[in-house]
file structure01.pdb (PDB, C-alpha atoms)
MODEL        1
ATOM      1  CA  MET A   1       0.000   0.000   0.000
ATOM      2  CA  ILE A   2       2.832   2.406   0.846
ATOM      3  CA  GLY A   3       4.539   1.615  -2.456
ATOM      4  CA  LEU A   4       1.388   2.508  -4.388
ATOM      5  CA  PHE A   5       1.159   5.802  -2.508
ATOM      6  CA  ILE A   6       4.787   6.616  -3.356
ATOM      7  CA  ILE A   7       4.177   5.923  -7.060
ATOM      8  CA  TYR A   8       1.013   8.048  -7.042
ATOM      9  CA  PHE A   9       2.829  10.886  -5.254
ATOM     10  CA  ALA A  10       5.772  10.728  -7.693
ATOM     11  CA  VAL A  11       3.433  10.941 -10.703
ATOM     12  CA  PHE A  12       1.579  13.837  -9.044
ATOM     13  CA  ILE A  13       4.842  15.755  -8.501
ATOM     14  CA  LEU A  14       5.939  15.016 -12.093
ATOM     15  CA  LEU A  15       2.663  16.407 -13.461
ATOM     16  CA  ILE A  16       2.906  19.550 -11.311
ATOM     17  CA  ALA A  17       6.504  20.112 -12.436
ATOM     18  CA  SER A  18       5.455  19.541 -16.053
ATOM     19  CA  GLN A  19       2.630  22.056 -15.856
ATOM     20  CA  TRP A  20       4.958  24.552 -14.152
ATOM     21  CA  ALA A  21       7.490  24.163 -16.974
ATOM     22  CA  ILE A  22       4.829  24.436 -19.694
ATOM     23  CA  TYR A  23       3.464  27.646 -18.189
ATOM     24  CA  SER A  24       6.986  29.041 -17.865
ATOM     25  CA  LYS A  25       7.841  28.149 -21.475
ATOM     26  CA  ALA A  26       4.734  30.062 -22.548
ATOM     27  CA  GLY A  27       5.835  33.154 -20.630
ATOM     28  CA  LYS A  28       3.285  32.757 -17.833
ATOM     29  CA  PRO A  29       4.087  32.396 -14.134
ATOM     30  CA  GLY A  30       4.788  28.774 -13.273
ATOM     31  CA  TRP A  31       3.141  29.038  -9.867
ATOM     32  CA  ALA A  32      -0.190  29.622 -11.632
ATOM     33  CA  CYS A  33      -0.490  25.861 -12.155
ATOM     34  CA  LEU A  34      -0.965  25.482  -8.385
ATOM     35  CA  VAL A  35      -4.004  27.776  -8.053
ATOM     36  CA  PRO A  36      -7.374  26.118  -8.730
ATOM     37  CA  PHE A  37      -9.443  27.664 -11.537
ATOM     38  CA  TYR A  38      -6.764  30.309 -12.194
ATOM     39  CA  ASN A  39      -4.563  27.569 -13.654
ATOM     40  CA  ARG A  40      -7.238  26.845 -16.284
ATOM     41  CA  ILE A  41      -7.624  30.541 -17.088
ATOM     42  CA  VAL A  42      -3.870  30.792 -17.670
ATOM     43  CA  LEU A  43      -3.975  27.619 -19.795
ATOM     44  CA  LEU A  44      -6.742  29.185 -21.887
ATOM     45  CA  GLU A  45      -4.556  32.294 -22.332
ATOM     46  CA  ILE A  46      -1.684  30.070 -23.498
ATOM     47  CA  VAL A  47      -3.853  28.420 -26.153
ATOM     48  CA  GLY A  48      -5.484  31.711 -27.157
ATOM     49  CA  LYS A  49      -9.032  31.218 -25.921
ATOM     50  CA  PRO A  50     -11.107  33.606 -23.775
ATOM     51  CA  TRP A  51     -11.529  33.095 -20.027
ATOM     52  CA  TRP A  52     -15.233  32.292 -20.318
ATOM     53  CA  TRP A  53     -14.306  28.920 -21.884
ATOM     54  CA  LEU A  54     -13.710  27.935 -18.271
ATOM     55  CA  LEU A  55     -17.499  28.025 -17.829
ATOM     56  CA  LEU A  56     -17.882  25.580 -20.731
ATOM     57  CA  MET A  57     -15.725  23.124 -18.806
ATOM     58  CA  PHE A  58     -18.546  22.809 -16.260
ATOM     59  CA  VAL A  59     -21.186  21.739 -18.802
ATOM     60  CA  PRO A  60     -21.541  17.936 -18.790
ATOM     61  CA  LEU A  61     -20.450  16.216 -22.029
ATOM     62  CA  LEU A  62     -19.458  19.567 -23.552
ATOM     63  CA  ASN A  63     -16.558  19.671 -21.085
ATOM     64  CA  ILE A  64     -15.046  16.567 -22.699
ATOM     65  CA  ILE A  65     -15.052  18.245 -26.114
ATOM     66  CA  ILE A  66     -13.628  21.489 -24.708
ATOM     67  CA  ILE A  67     -10.819  19.699 -22.864
ATOM     68  CA  ILE A  68      -9.872  17.724 -25.979
ATOM     69  CA  TRP A  69      -9.928  20.948 -27.992
ATOM     70  CA  VAL A  70      -7.716  22.704 -25.427
ATOM     71  CA  PHE A  71      -5.253  19.780 -25.496
ATOM     72  CA  ASN A  72      -5.144  20.062 -29.298
ATOM     73  CA  LEU A  73      -4.522  23.811 -29.128
ATOM     74  CA  LEU A  74      -1.842  23.261 -26.478
ATOM     75  CA  ALA A  75      -0.043  20.783 -28.712
ATOM     76  CA  LYS A  76      -0.250  23.205 -31.652
ATOM     77  CA  SER A  77       0.992  26.063 -29.453
ATOM     78  CA  PHE A  78       4.203  24.095 -28.994
ATOM     79  CA  GLY A  79       4.493  23.020 -32.637
ATOM     80  CA  LYS A  80       3.184  19.483 -32.190
ATOM     81  CA  SER A  81       0.724  17.578 -34.395
ATOM     82  CA  GLU A  82      -2.658  15.990 -33.793
ATOM     83  CA  GLY A  83      -0.886  12.727 -33.002
ATOM     84  CA  PHE A  84       0.690  14.430 -30.004
ATOM     85  CA  THR A  85      -2.796  15.591 -29.003
ATOM     86  CA  ILE A  86      -3.936  11.974 -28.871
ATOM     87  CA  GLY A  87      -0.947  11.224 -26.659
ATOM     88  CA  LEU A  88      -1.865  14.120 -24.353
ATOM     89  CA  ILE A  89      -5.414  12.812 -24.081
ATOM     90  CA  LEU A  90      -4.608   9.135 -23.518
ATOM     91  CA  LEU A  91      -1.207   9.272 -21.789
ATOM     92  CA  SER A  92      -0.914  12.675 -20.108
ATOM     93  CA  PRO A  93       1.644  11.538 -17.504
ATOM     94  CA  ILE A  94       4.011  10.696 -20.366
ATOM     95  CA  PHE A  95       3.257  13.412 -22.921
ATOM     96  CA  LEU A  96       3.062  16.420 -20.559
ATOM     97  CA  PRO A  97       6.680  15.903 -19.405
ATOM     98  CA  ILE A  98       7.739  15.470 -23.040
ATOM     99  CA  LEU A  99       6.102  18.809 -23.843
ATOM    100  CA  ALA A 100       7.531  20.464 -20.737
ATOM    101  CA  PHE A 101      11.084  19.174 -20.670
ATOM    102  CA  GLY A 102      11.630  18.384 -24.341
ATOM    103  CA  ASP A 103      12.993  20.706 -27.001
ATOM    104  CA  SER A 104       9.616  22.113 -28.076
ATOM    105  CA  GLU A 105       9.217  25.875 -27.885
ATOM    106  CA  TYR A 106       6.118  27.980 -27.419
ATOM    107  CA  GLN A 107       5.059  29.373 -30.792
ATOM    108  CA  GLY A 108       2.135  31.474 -29.684
ATOM    109  CA  PRO A 109      -1.515  30.602 -29.212
ATOM    110  CA  ALA A 110      -2.345  27.547 -31.336
ATOM    111  CA  GLY A 111       1.004  27.896 -33.098
ATOM    112  CA  SER A 112       0.102  31.180 -34.795
TER     113      SER A 112
ENDMDL
END

call {"tool": "encode", "arguments": {"input": "structure01.pdb", "output": "structure tokens"}}
result
Amino acid sequence: MIGLFIIYFAVFILLIASQWAIYSKAGKPGWACLVPFYNRIVLLEIVGKPWWWLLLMFVPLLNIIIIIWVFNLLAKSFGKSEGFTIGLILLSPIFLPILAFGDSEYQGPAGS
């Protein structure tokens, strides 16, 4: 049981560090990933969408579409393809660190 907790905690810390690095690469404060709701507003700024999209994330079923769309825009903002978006959706604990600590650079909202 303790071993499972340690693995869970390590993955949690890796995801926090990844989000911090992604926000920093995009020119936003890294600490913003730690603040509930504000972290999503900053993420929406990174991908070039208005803050009120946060409200759409609370609508059942629509929230799934919005989150997938935001993942796609995040991948494009760092010059990645739709294949990387699928990786972000299905294997976030692997693809977020790749985005954060890899050689990808922020190219503006949705890669504009």

call {"tool": "residues_around", "arguments": {"input": "structure01.pdb", "residues": "range 94-97 of chain A", "least_positions_apart": "6", "cutoff": "12 Å", "atoms": "all atoms listed in the file", "output": "PDB file with C-alpha atoms, in the frame of the given file"}}
result
ATOM      1  CA  VAL A  11       3.433  10.941 -10.703  1.00  0.00           C
ATOM      2  CA  PHE A  12       1.579  13.837  -9.044  1.00  0.00           C
ATOM      3  CA  ILE A  13       4.842  15.755  -8.501  1.00  0.00           C
ATOM      4  CA  LEU A  14       5.939  15.016 -12.093  1.00  0.00           C
ATOM      5  CA  LEU A  15       2.663  16.407 -13.461  1.00  0.00           C
ATOM      6  CA  ILE A  16       2.906  19.550 -11.311  1.00  0.00           C
ATOM      7  CA  ALA A  17       6.504  20.112 -12.436  1.00  0.00           C
ATOM      8  CA  SER A  18       5.455  19.541 -16.053  1.00  0.00           C
ATOM      9  CA  GLN A  19       2.630  22.056 -15.856  1.00  0.00           C
ATOM     10  CA  TRP A  20       4.958  24.552 -14.152  1.00  0.00           C
ATOM     11  CA  ALA A  21       7.490  24.163 -16.974  1.00  0.00           C
ATOM     12  CA  ILE A  22       4.829  24.436 -19.694  1.00  0.00           C
ATOM     13  CA  TYR A  23       3.464  27.646 -18.189  1.00  0.00           C
ATOM     14  CA  PHE A  71      -5.253  19.780 -25.496  1.00  0.00           C
ATOM     15  CA  LEU A  74      -1.842  23.261 -26.478  1.00  0.00           C
ATOM     16  CA  ALA A  75      -0.043  20.783 -28.712  1.00  0.00           C
ATOM     17  CA  PHE A  78       4.203  24.095 -28.994  1.00  0.00           C
ATOM     18  CA  LYS A  80       3.184  19.483 -32.190  1.00  0.00           C
ATOM     19  CA  GLY A  83      -0.886  12.727 -33.002  1.00  0.00           C
ATOM     20  CA  PHE A  84       0.690  14.430 -30.004  1.00  0.00           C
ATOM     21  CA  THR A  85      -2.796  15.591 -29.003  1.00  0.00           C
ATOM     22  CA  ILE A  86      -3.936  11.974 -28.871  1.00  0.00           C
ATOM     23  CA  GLY A  87      -0.947  11.224 -26.659  1.00  0.00           C
ATOM     24  CA  LEU A  88      -1.865  14.120 -24.353  1.00  0.00           C
ATOM     25  CA  ASP A 103      12.993  20.706 -27.001  1.00  0.00           C
ATOM     26  CA  SER A 104       9.616  22.113 -28.076  1.00  0.00           C
TER      27      SER A 104
END

call {"tool": "atom_distance", "arguments": {"input": "structure01.pdb", "atom1": "CA of Leu61 in chain A", "atom2": "CA of Pro36 in chain A"}}
result
21.1 Å

call {"tool": "atom_distance", "arguments": {"input": "structure01.pdb", "atom1": "CA of Ile66 in chain A", "atom2": "CA of Ile41 in chain A"}}
result
13.3 Å

call {"tool": "atom_distance", "arguments": {"input": "structure01.pdb", "atom1": "CA of Met57 in chain A", "atom2": "CA of Val35 in chain A"}}
result
16.6 Å

call {"tool": "resolve_selection", "arguments": {"input": "structure01.pdb", "expression": "the PyMOL selection byres ((chain A and resi 49-54) around 12)", "output": "MDAnalysis selection string"}}
result
chainID A and resid 36:48 55:59 62:63 65:67 69:70 73:74 77 108:110

call {"tool": "closest_residue", "arguments": {"input": "structure01.pdb", "among": "A:Ser24, A:Tyr8, A:Met1, A:Ile89", "to": "Phe101 in chain A", "atoms": "all atoms listed in the file"}}
result
A:Ser24

call {"tool": "closest_residue", "arguments": {"input": "structure01.pdb", "among": "A:Pro29, A:Phe9, A:Leu99, A:Pro60", "to": "Ser81 in chain A", "atoms": "all atoms listed in the file"}}
result
A:Leu99

call {"tool": "closest_residue", "arguments": {"input": "structure01.pdb", "among": "A:Phe5, A:Ala100, A:Leu90, A:Gly111", "to": "Lys25 in chain A", "atoms": "all atoms listed in the file"}}
result
A:Ala100

call {"tool": "axis_aligned_box", "arguments": {"input": "structure01.pdb", "around": "range 10-15 of chain A", "padding_each_side": "4 Å", "output": "AutoDock Vina command-line options"}}
result
--center_x 3.8 --center_y 13.6 --center_z -10.6 --size_x 12.4 --size_y 13.7 --size_z 13.8
